[in-house]
Structures are given as C-alpha cells and as structure tokens.
$ cat structure-v7.csv   # CSV, C-alpha atoms
chain,number,residue,atom,x,y,z
Z,1,MET,CA,0.0,0.0,0.0
Z,2,VAL,CA,3.0,2.3,0.6
Z,3,ARG,CA,5.4,1.5,-2.2
Z,4,PRO,CA,5.2,-0.2,-5.6
Z,5,SER,CA,5.5,-4.0,-5.5
Z,6,SER,CA,8.9,-5.5,-6.5
Z,7,VAL,CA,7.3,-8.5,-8.2
Z,8,SER,CA,8.2,-8.6,-11.9
Z,9,GLY,CA,5.3,-7.9,-14.2
Z,10,LEU,CA,3.4,-5.6,-11.9
Z,11,LYS,CA,5.4,-2.4,-12.4
Z,12,THR,CA,3.4,-1.4,-15.4
Z,13,ARG,CA,0.1,0.2,-14.9
Z,14,ALA,CA,-2.8,-2.0,-15.9
Z,15,HIS,CA,-6.1,-0.9,-17.4
Z,16,VAL,CA,-9.0,-0.9,-14.9
Z,17,LEU,CA,-11.2,-3.9,-15.6
Z,18,HIS,CA,-10.5,-3.9,-19.3
Z,19,VAL,CA,-13.9,-2.3,-20.0
Z,20,VAL,CA,-13.9,-2.2,-23.8
Z,21,PRO,CA,-13.1,-5.9,-24.3
Z,22,ARG,CA,-15.7,-6.9,-21.8
Z,23,ARG,CA,-18.5,-5.0,-23.5
Z,24,ASN,CA,-18.0,-6.9,-26.8
Z,25,LYS,CA,-18.4,-10.3,-25.3
Z,26,ALA,CA,-21.5,-12.3,-26.4
Z,27,PHE,CA,-24.4,-12.6,-24.0
Z,28,LYS,CA,-24.8,-16.1,-22.5
Z,29,LYS,CA,-28.4,-17.2,-21.7
Z,30,SER,CA,-27.6,-20.2,-19.5
Z,31,SER,CA,-27.7,-18.3,-16.2
Z,32,VAL,CA,-31.0,-16.6,-17.2
Z,33,ASP,CA,-32.5,-20.1,-17.8
Z,34,ALA,CA,-31.4,-21.1,-14.3
Z,35,PHE,CA,-33.1,-18.1,-12.8
Z,36,PHE,CA,-36.2,-18.8,-14.7
Z,37,ASP,CA,-36.2,-22.4,-13.4
Z,38,LYS,CA,-35.9,-21.2,-9.8
Z,39,LEU,CA,-38.5,-18.4,-10.0
Z,40,ILE,CA,-41.1,-20.6,-11.8
Z,41,GLY,CA,-40.4,-23.4,-9.4
Z,42,SER,CA,-41.0,-21.1,-6.4
Z,43,ALA,CA,-44.3,-19.9,-8.0
Z,44,ARG,CA,-45.4,-23.5,-8.4
Z,45,LEU,CA,-44.6,-24.4,-4.8
Z,46,ARG,CA,-46.7,-21.4,-3.7
Z,47,LYS,CA,-49.5,-22.6,-6.0
Z,48,LEU,CA,-49.4,-19.3,-8.0
Z,49,ILE,CA,-49.2,-21.4,-11.2
Z,50,ALA,CA,-51.7,-24.2,-11.8
Z,51,ALA,CA,-50.8,-27.8,-12.5
Z,52,ARG,CA,-51.7,-27.4,-16.2
Z,53,VAL,CA,-51.7,-23.9,-17.6
Z,54,GLN,CA,-52.9,-22.0,-20.6
Z,55,VAL,CA,-50.1,-20.0,-22.2
Z,56,ALA,CA,-50.1,-17.1,-24.7
Z,57,GLY,CA,-47.3,-16.1,-26.9
Z,58,ASP,CA,-46.5,-12.8,-28.6
Z,59,ALA,CA,-43.7,-10.3,-29.2
Z,60,THR,CA,-43.0,-6.7,-28.3
Z,61,GLY,CA,-40.3,-4.1,-29.0
Z,62,PHE,CA,-38.2,-1.8,-26.9
Z,63,GLU,CA,-36.8,1.6,-27.6
Z,64,VAL,CA,-33.0,2.2,-27.5
Z,65,GLY,CA,-32.9,6.0,-27.4
Z,66,HIS,CA,-34.9,9.0,-26.3
Z,67,THR,CA,-35.2,10.3,-29.9
Z,68,SER,CA,-38.5,9.4,-31.5
Z,69,HIS,CA,-38.7,7.7,-34.9
Z,70,TYR,CA,-40.9,10.5,-36.1
Z,71,PHE,CA,-38.1,13.0,-35.5
Z,72,ARG,CA,-35.7,10.8,-37.3
Z,73,SER,CA,-37.9,10.4,-40.3
Z,74,GLN,CA,-38.5,14.2,-40.5
Z,75,ARG,CA,-34.8,14.8,-40.3
Z,76,GLY,CA,-34.4,12.7,-43.4
Z,77,ASP,CA,-31.8,10.4,-42.1
Z,78,LYS,CA,-31.9,7.3,-44.4
Z,79,ARG,CA,-30.3,5.1,-41.7
Z,80,PHE,CA,-33.5,5.1,-39.7
Z,81,ALA,CA,-35.8,4.3,-42.7
Z,82,VAL,CA,-36.1,0.7,-41.4
Z,83,PRO,CA,-35.2,0.9,-37.7
Z,84,ARG,CA,-33.8,-2.2,-35.8
Z,85,TRP,CA,-34.9,-2.6,-32.3
Z,86,PRO,CA,-34.6,-5.2,-29.5
Z,87,LYS,CA,-37.6,-7.6,-29.8
Z,88,LEU,CA,-38.8,-9.7,-26.9
Z,89,THR,CA,-40.8,-12.8,-27.7
Z,90,GLY,CA,-42.3,-14.3,-24.6
Z,91,CYS,CA,-44.6,-17.1,-23.4
Z,92,VAL,CA,-46.9,-16.1,-20.5
Z,93,ASP,CA,-49.2,-18.0,-18.1
Z,94,ILE,CA,-52.6,-16.5,-18.8
Z,95,ASP,CA,-53.9,-16.8,-15.2
Z,96,SER,CA,-50.9,-15.7,-13.1
Z,97,HIS,CA,-49.1,-13.4,-15.7
Z,98,PHE,CA,-45.8,-15.1,-15.0
Z,99,VAL,CA,-43.4,-15.1,-17.9
Z,100,LEU,CA,-42.5,-18.7,-18.4
Z,101,SER,CA,-39.8,-18.3,-21.1
Z,102,ALA,CA,-38.5,-15.5,-23.3
Z,103,GLN,CA,-36.0,-14.8,-26.1
Z,104,VAL,CA,-34.5,-11.5,-27.2
Z,105,SER,CA,-33.7,-10.9,-30.9
Z,106,LEU,CA,-33.5,-8.0,-33.3
Z,107,GLY,CA,-36.8,-6.8,-34.8
Z,108,PRO,CA,-38.7,-6.5,-36.9
Z,109,GLY,CA,-39.3,-10.2,-37.7
Z,110,ARG,CA,-41.8,-13.0,-37.6
Z,111,ASP,CA,-42.3,-14.9,-34.3
Z,112,THR,CA,-42.2,-18.3,-36.1
Z,113,LEU,CA,-38.5,-18.5,-35.6
Z,114,GLU,CA,-38.5,-18.1,-31.8
Z,115,ALA,CA,-41.9,-19.7,-31.0
Z,116,PRO,CA,-40.8,-23.4,-31.0
Z,117,GLU,CA,-37.8,-22.9,-28.7
Z,118,ILE,CA,-39.8,-20.6,-26.4
Z,119,LEU,CA,-42.6,-23.2,-26.1
Z,120,LEU,CA,-40.0,-26.0,-25.4
Z,121,ASP,CA,-38.5,-23.9,-22.6
Z,122,ALA,CA,-41.9,-23.2,-21.1
Z,123,ALA,CA,-42.9,-26.9,-21.3
Z,124,SER,CA,-39.7,-27.8,-19.4
Z,125,ARG,CA,-41.0,-25.7,-16.4
Z,126,VAL,CA,-44.8,-26.2,-16.5
Z,127,SER,CA,-47.3,-28.6,-18.0
Z,128,ILE,CA,-49.1,-26.8,-20.9
Z,129,ARG,CA,-52.7,-27.5,-21.6
Z,130,ARG,CA,-53.4,-24.9,-24.3
Z,131,VAL,CA,-51.3,-22.6,-26.5
Z,132,LEU,CA,-52.8,-19.3,-27.8
Z,133,TRP,CA,-50.8,-17.5,-30.5
Z,134,ASP,CA,-51.6,-14.9,-33.1
Z,135,GLY,CA,-52.0,-15.5,-36.8
Z,136,GLY,CA,-48.4,-14.9,-37.5
Z,137,CYS,CA,-47.6,-18.5,-36.5
Z,138,ASP,CA,-50.4,-20.0,-38.5
Z,139,SER,CA,-49.0,-23.1,-40.1
Z,140,GLU,CA,-49.7,-26.8,-40.1
Z,141,LYS,CA,-46.1,-27.4,-38.8
Z,142,MET,CA,-46.7,-25.2,-35.8
Z,143,HIS,CA,-50.0,-26.9,-34.9
Z,144,ALA,CA,-48.3,-30.3,-35.2
Z,145,PHE,CA,-45.4,-29.2,-33.0
Z,146,ILE,CA,-47.7,-28.1,-30.3
Z,147,ARG,CA,-50.1,-31.1,-30.3
Z,148,VAL,CA,-47.5,-33.8,-30.9
Z,149,ASN,CA,-44.4,-32.6,-29.2
Z,150,LEU,CA,-46.0,-30.7,-26.3
Z,151,GLY,CA,-49.2,-32.7,-25.9
Z,152,ALA,CA,-51.2,-29.5,-25.8
Z,153,HIS,CA,-54.1,-28.0,-27.7
Z,154,SER,CA,-53.3,-25.3,-30.2
Z,155,LEU,CA,-55.5,-22.3,-30.9
Z,156,ILE,CA,-54.1,-20.1,-33.7
Z,157,PRO,CA,-56.4,-18.2,-36.2
Z,158,ILE,CA,-56.1,-18.9,-39.9
Z,159,LYS,CA,-54.5,-15.8,-41.4
Z,160,SER,CA,-51.6,-17.0,-43.5
Z,161,GLY,CA,-51.8,-17.4,-47.3
Z,162,ARG,CA,-54.1,-15.7,-49.8
Z,163,LYS,CA,-57.7,-15.0,-48.8
Z,164,THR,CA,-60.0,-17.6,-50.3
Z,165,ARG,CA,-63.2,-19.4,-49.6
Z,166,ARG,CA,-61.6,-22.8,-50.0
Z,167,TRP,CA,-61.0,-24.8,-46.9
Z,168,PRO,CA,-57.4,-25.6,-45.8
Z,169,LYS,CA,-56.2,-29.1,-47.0
Z,170,THR,CA,-54.2,-29.9,-43.9
Z,171,ARG,CA,-55.6,-31.6,-40.8
Z,172,TYR,CA,-55.2,-29.1,-38.0
Z,173,ARG,CA,-55.8,-26.0,-40.0
Z,174,ARG,CA,-59.1,-27.5,-41.1
Z,175,GLN,CA,-60.0,-28.0,-37.5
Z,176,MET,CA,-59.3,-24.3,-36.9
Z,177,LYS,CA,-61.6,-23.5,-39.8
Z,178,ARG,CA,-64.3,-25.8,-38.7
Z,179,ARG,CA,-64.5,-24.8,-35.0
Z,180,PHE,CA,-62.5,-21.9,-33.7
Z,181,PHE,CA,-63.1,-21.0,-30.0
Z,182,LYS,CA,-63.3,-17.2,-30.1
Z,183,ARG,CA,-64.1,-16.9,-26.4
Z,184,LEU,CA,-61.0,-18.9,-25.4
Z,185,TYR,CA,-58.8,-17.1,-27.9
Z,186,GLY,CA,-59.9,-13.8,-26.4
Z,187,GLN,CA,-57.7,-14.6,-23.4
Z,188,ARG,CA,-54.6,-14.2,-25.6
Z,189,TRP,CA,-54.9,-10.5,-24.9
Z,190,GLN,CA,-53.6,-11.2,-21.4
Z,191,ILE,CA,-50.1,-11.2,-22.7
Z,192,GLU,CA,-50.7,-7.7,-24.1
Z,193,SER,CA,-51.7,-6.7,-20.6
Z,194,VAL,CA,-48.4,-8.2,-19.3
Z,195,PHE,CA,-46.3,-6.2,-21.8
Z,196,SER,CA,-48.2,-3.0,-21.2
Z,197,ARG,CA,-47.9,-3.2,-17.4
Z,198,HIS,CA,-44.2,-4.2,-17.7
Z,199,LYS,CA,-43.5,-1.1,-19.8
Z,200,ARG,CA,-45.5,1.2,-17.5
Z,201,ARG,CA,-43.7,0.0,-14.5
Z,202,LEU,CA,-40.2,-0.4,-15.8
Z,203,SER,CA,-40.3,1.9,-18.9
Z,204,SER,CA,-40.2,0.9,-22.6
Z,205,GLU,CA,-36.7,2.4,-23.1
Z,206,LEU,CA,-33.5,0.5,-22.6
Z,207,ARG,CA,-30.4,2.2,-21.1
Z,208,ALA,CA,-27.8,-0.2,-22.6
Z,209,LYS,CA,-26.2,0.8,-25.9
Z,210,THR,CA,-24.4,-2.3,-27.1
Z,211,TRP,CA,-26.4,-5.4,-28.3
Z,212,PRO,CA,-25.1,-7.9,-25.7
Z,213,ALA,CA,-25.9,-5.4,-22.9
Z,214,GLN,CA,-29.3,-4.8,-24.4
Z,215,GLN,CA,-30.0,-8.5,-24.4
Z,216,ALA,CA,-28.9,-8.7,-20.7
Z,217,GLU,CA,-31.0,-5.8,-19.7
Z,218,VAL,CA,-34.2,-7.2,-21.3
Z,219,TYR,CA,-33.7,-10.6,-19.7
Z,220,LEU,CA,-33.0,-9.0,-16.3
Z,221,ARG,CA,-36.2,-6.9,-16.6
Z,222,ILE,CA,-38.3,-10.0,-17.3
Z,223,LEU,CA,-36.8,-11.8,-14.3
Z,224,LEU,CA,-37.6,-8.7,-12.2
Z,225,HIS,CA,-41.1,-8.9,-13.5
Z,226,ASN,CA,-41.5,-12.5,-12.1
Z,227,ILE,CA,-39.8,-11.4,-8.8
Z,228,MET,CA,-42.3,-8.6,-8.4
Z,229,LEU,CA,-45.2,-11.0,-8.8
Z,230,LEU,CA,-43.7,-13.3,-6.2
Z,231,MET,CA,-43.1,-10.4,-3.8
Z,232,LEU,CA,-46.7,-9.3,-4.3
Z,233,SER,CA,-48.0,-12.7,-3.3
Z,234,LEU,CA,-45.8,-12.6,-0.2
Z,235,LEU,CA,-47.2,-9.2,0.7
Z,236,GLU,CA,-50.8,-10.4,0.3
Z,237,VAL,CA,-50.0,-13.3,2.7
Z,238,PHE,CA,-48.4,-11.0,5.2
Z,239,ASN,CA,-51.4,-8.6,5.1
Z,240,ARG,CA,-53.9,-11.5,5.6
Z,241,ALA,CA,-51.8,-12.6,8.6
Z,242,LEU,CA,-51.9,-9.1,10.1
Z,243,ASN,CA,-55.7,-8.8,9.6
Z,244,SER,CA,-56.5,-12.2,11.0
$ encode --input "structure-v7.csv" --output "structure tokens"
Amino acid sequence: MVRPSSVSGLKTRAHVLHVVPRRNKAFKKSSVDAFFDKLIGSARLRKLIAARVQVAGDATGFEVGHTSHYFRSQRGDKRFAVPRWPKLTGCVDIDSHFVLSAQVSLGPGRDTLEAPEILLDAASRVSIRRVLWDGGCDSEKMHAFIRVNLGAHSLIPIKSGRKTRRWPKTRYRRQMKRRFFKRLYGQRWQIESVFSRHKRRLSSELRAKTWPAQQAEVYLRILLHNIMLLMLSLLEVFNRALNS
C-alpha cells in the first residue's frame, strides 16, 4: 500500500477492468434459464401457477434511445428508414401473468423463428394445456409441433396465405376453420396486458447501448417482473396474517 511491489510484471500500470473488451463479449443465456427455473419453481410451490396452464405467446419491441422515430424520419436520415430494435418474444401464463420463457432478438421479424424454442423452454418448467398464439404463427407445422411434441391443444387463427373461400387441406388448420373457439382465444390479450404493465412499471426504453448489454437488460427486466409477482404474493399473505 505504501510503495510499488517489486514483483516482476506488476510495475506497469494495468487498465482498470478492461472495460472495452468486456462490452464486446457475447451474451450467454444459461444463467438466465437457471433463474427462470428457480422463479417458476417457487411460484409453483406457492401454487401461484396451476398444475396445467394455458399460455399465450407474442412479441413486443423496446426503444433504445430518447429520440422518436418521427423526428428521425422528419430529419431525413436514411439510416432510420427501417429501424432495428430489440424484440422480446415471450410465453406467459394467462392466469398468473408469470413469464414462463423468453427470447431476445433483433426486430422487426416474424415470431415463427422463436416460437418453438420458447414453447419448449416453457414446457420444461410447467405442464401446458393450451397454447394461444396470433395468426403470424399460422402453419400446419406449428400446430403439429404443439399437439404432438407438447401434448397441448393449439388455438391459432387462420390468417396466412391468400384469402379464399376454400378450406385448408391440412388436418389441424381444417380443425381451426371448422371450429374456432373465439371466447377462449380472447384470453390471448392477457399477454398484451403483461407487456403493457411491464413497460408502464419499468419503462419501454433500454439504457444499454451495445447489443449484448441490451439483451442482458431485457432478460433482467423479465426476471424482475417475475420477482415482483412473487413479492406481491408474499405481501398479500403478510397482510392477511396481520388482519386475522
């Protein structure tokens, strides 16, 4: 602490934490999956999540700066003609609003690429009874994946392809055409409520600037969302104990 060390190799001054190389490292999702497992497991032990759940899937985007896209378009900067933004694709328990699994990618883009992996992650944590997704994932392959691989019932409206009066030729899409449960599908809007509340509570703008840091920030926000739901349940139990 008083004088420089005489050990060879320590006389030169080192850069503090090597900040620049660390920022460029790719984000690893394994630790996030472990936190998801712990939080969902705790929710199941507290019976906040049912034995078999209905899940809804959708995607939402986050802002990466305070400057609006309208200002950028009016400025005439061609770089912002097709903006790229962090996109969160998630799978939510309809009843409890817990986020069961999530994946962060660059938008805009269709959800069909992330949906199978997200559903598999959710199925590893809970038993899925029904999957509600929007028409962007309308395909026979998606229906077969949900019903055969997950053992769940799929409810996806028929929207892909050219509009025609002809019935679909494939098995599961014909079932959607024959009997589509609109009342049950109306519950898919629960995930919109989850995204809306999340952005109202934690803001829709990300603070991070680099792509790995933005990924980490979105995942941490989703984990915080589940933690807040767990804490809310604990507060309700505590208030009932005080009033009894």
$ atom_distance --input "structure-v7.csv" --atom1 "CA of Lys209 in chain Z" --atom2 "CA of Ser30 in chain Z"
22.0 Å
$ residues_around --input "structure-v7.csv" --residues "Arg201 in chain Z" --least-positions-apart "6" --cutoff "12 Å" --atoms "all atoms listed in the file" --output "mmCIF file with C-alpha atoms, in the coordinates of the input"
data_model
loop_
_atom_site.group_PDB
_atom_site.id
_atom_site.type_symbol
_atom_site.label_atom_id
_atom_site.label_comp_id
_atom_site.auth_asym_id
_atom_site.auth_seq_id
_atom_site.Cartn_x
_atom_site.Cartn_y
_atom_site.Cartn_z
ATOM 1 C CA VAL Z 194 -48.400 -8.200 -19.300
ATOM 2 C CA PHE Z 195 -46.300 -6.200 -21.800
ATOM 3 C CA ARG Z 221 -36.200 -6.900 -16.600
ATOM 4 C CA ILE Z 222 -38.300 -10.000 -17.300
ATOM 5 C CA LEU Z 224 -37.600 -8.700 -12.200
ATOM 6 C CA HIS Z 225 -41.100 -8.900 -13.500
ATOM 7 C CA MET Z 228 -42.300 -8.600 -8.400
#
$ closest_atom_pairs --input "structure-v7.csv" --of "range 90-201 of chain Z" --to "range 38-47 of chain Z" --cutoff "8 Å" --atoms "only C-alpha atoms" --output "JSON lines"
{"residue": "Z:Phe98", "atom": "CA", "partner": "Z:Ile40", "partner_atom": "CA", "distance": 7.9}
{"residue": "Z:Leu100", "atom": "CA", "partner": "Z:Ile40", "partner_atom": "CA", "distance": 7.0}
{"residue": "Z:Arg125", "atom": "CA", "partner": "Z:Ile40", "partner_atom": "CA", "distance": 6.9}
$ closest_residue --input "structure-v7.csv" --among "Z:Ala216, Z:Leu206, Z:Ile146, Z:Val237" --to "Val64 in chain Z" --atoms "all atoms listed in the file"
Z:Leu206
$ closest_residue --input "structure-v7.csv" --among "Z:Ser203, Z:Ser139, Z:Ser233, Z:Ser105" --to "Lys159 in chain Z" --atoms "all atoms listed in the file"
Z:Ser139
$ closest_residue --input "structure-v7.csv" --among "Z:Leu150, Z:Ala56, Z:Ile156, Z:Leu88" --to "Ser124 in chain Z" --atoms "all atoms listed in the file"
Z:Leu150
$ atom_distance --input "structure-v7.csv" --atom1 "CA of Ser154 in chain Z" --atom2 "CA of Val55 in chain Z"
10.1 Å
$ atom_distance --input "structure-v7.csv" --atom1 "CA of Leu229 in chain Z" --atom2 "CA of His198 in chain Z"
11.2 Å
$ closest_residue --input "structure-v7.csv" --among "Z:Cys91, Z:Ile158, Z:Ala241, Z:Met176" --to "Arg188 in chain Z" --atoms "all atoms listed in the file"
Z:Cys91
$ residues_around --input "structure-v7.csv" --residues "Ser31 in chain Z" --least-positions-apart "3" --cutoff "12 Å" --atoms "all atoms listed in the file" --output "number ranges by chain"
Z: 27-28, 34-38, 216, 219-220, 223
$ residues_around --input "structure-v7.csv" --residues "Met142 in chain Z" --least-positions-apart "2" --cutoff "10 Å" --atoms "all atoms listed in the file" --output "ChimeraX atom specification"
/Z:112,115-116,137-140,144-148,154,156,172
$ write_last_selection --input "structure-v7.csv" --atoms "C-alpha atoms" --output "PDB file, in the coordinates of the input"
ATOM      1  CA  THR Z 112     -42.200 -18.300 -36.100  1.00  0.00           C
ATOM      2  CA  ALA Z 115     -41.900 -19.700 -31.000  1.00  0.00           C
ATOM      3  CA  PRO Z 116     -40.800 -23.400 -31.000  1.00  0.00           C
ATOM      4  CA  CYS Z 137     -47.600 -18.500 -36.500  1.00  0.00           C
ATOM      5  CA  ASP Z 138     -50.400 -20.000 -38.500  1.00  0.00           C
ATOM      6  CA  SER Z 139     -49.000 -23.100 -40.100  1.00  0.00           C
ATOM      7  CA  GLU Z 140     -49.700 -26.800 -40.100  1.00  0.00           C
ATOM      8  CA  ALA Z 144     -48.300 -30.300 -35.200  1.00  0.00           C
ATOM      9  CA  PHE Z 145     -45.400 -29.200 -33.000  1.00  0.00           C
ATOM     10  CA  ILE Z 146     -47.700 -28.100 -30.300  1.00  0.00           C
ATOM     11  CA  ARG Z 147     -50.100 -31.100 -30.300  1.00  0.00           C
ATOM     12  CA  VAL Z 148     -47.500 -33.800 -30.900  1.00  0.00           C
ATOM     13  CA  SER Z 154     -53.300 -25.300 -30.200  1.00  0.00           C
ATOM     14  CA  ILE Z 156     -54.100 -20.100 -33.700  1.00  0.00           C
ATOM     15  CA  TYR Z 172     -55.200 -29.100 -38.000  1.00  0.00           C
TER      16      TYR Z 172
END
$ closest_residue --input "structure-v7.csv" --among "Z:Ala208, Z:Leu232, Z:Leu242, Z:Leu132" --to "Arg183 in chain Z" --atoms "only C-alpha atoms"
Z:Leu132
$ closest_residue --input "structure-v7.csv" --among "Z:Gly61, Z:Gly151, Z:Pro168, Z:Gly135" --to "Gly107 in chain Z" --atoms "all atoms listed in the file"
Z:Gly61
$ axis_aligned_box --input "structure-v7.csv" --around "range 38-42 of chain Z" --padding-each-side "3 Å" --output "AutoDock Vina command-line options"
--center_x -38.5 --center_y -20.9 --center_z -9.1 --size_x 11.2 --size_y 11.0 --size_z 11.4
$ residues_around --input "structure-v7.csv" --residues "Val104 in chain Z" --least-positions-apart "3" --cutoff "7 Å" --atoms "all atoms listed in the file" --output "VMD selection string"
chain Z and resid 86 to 89 215
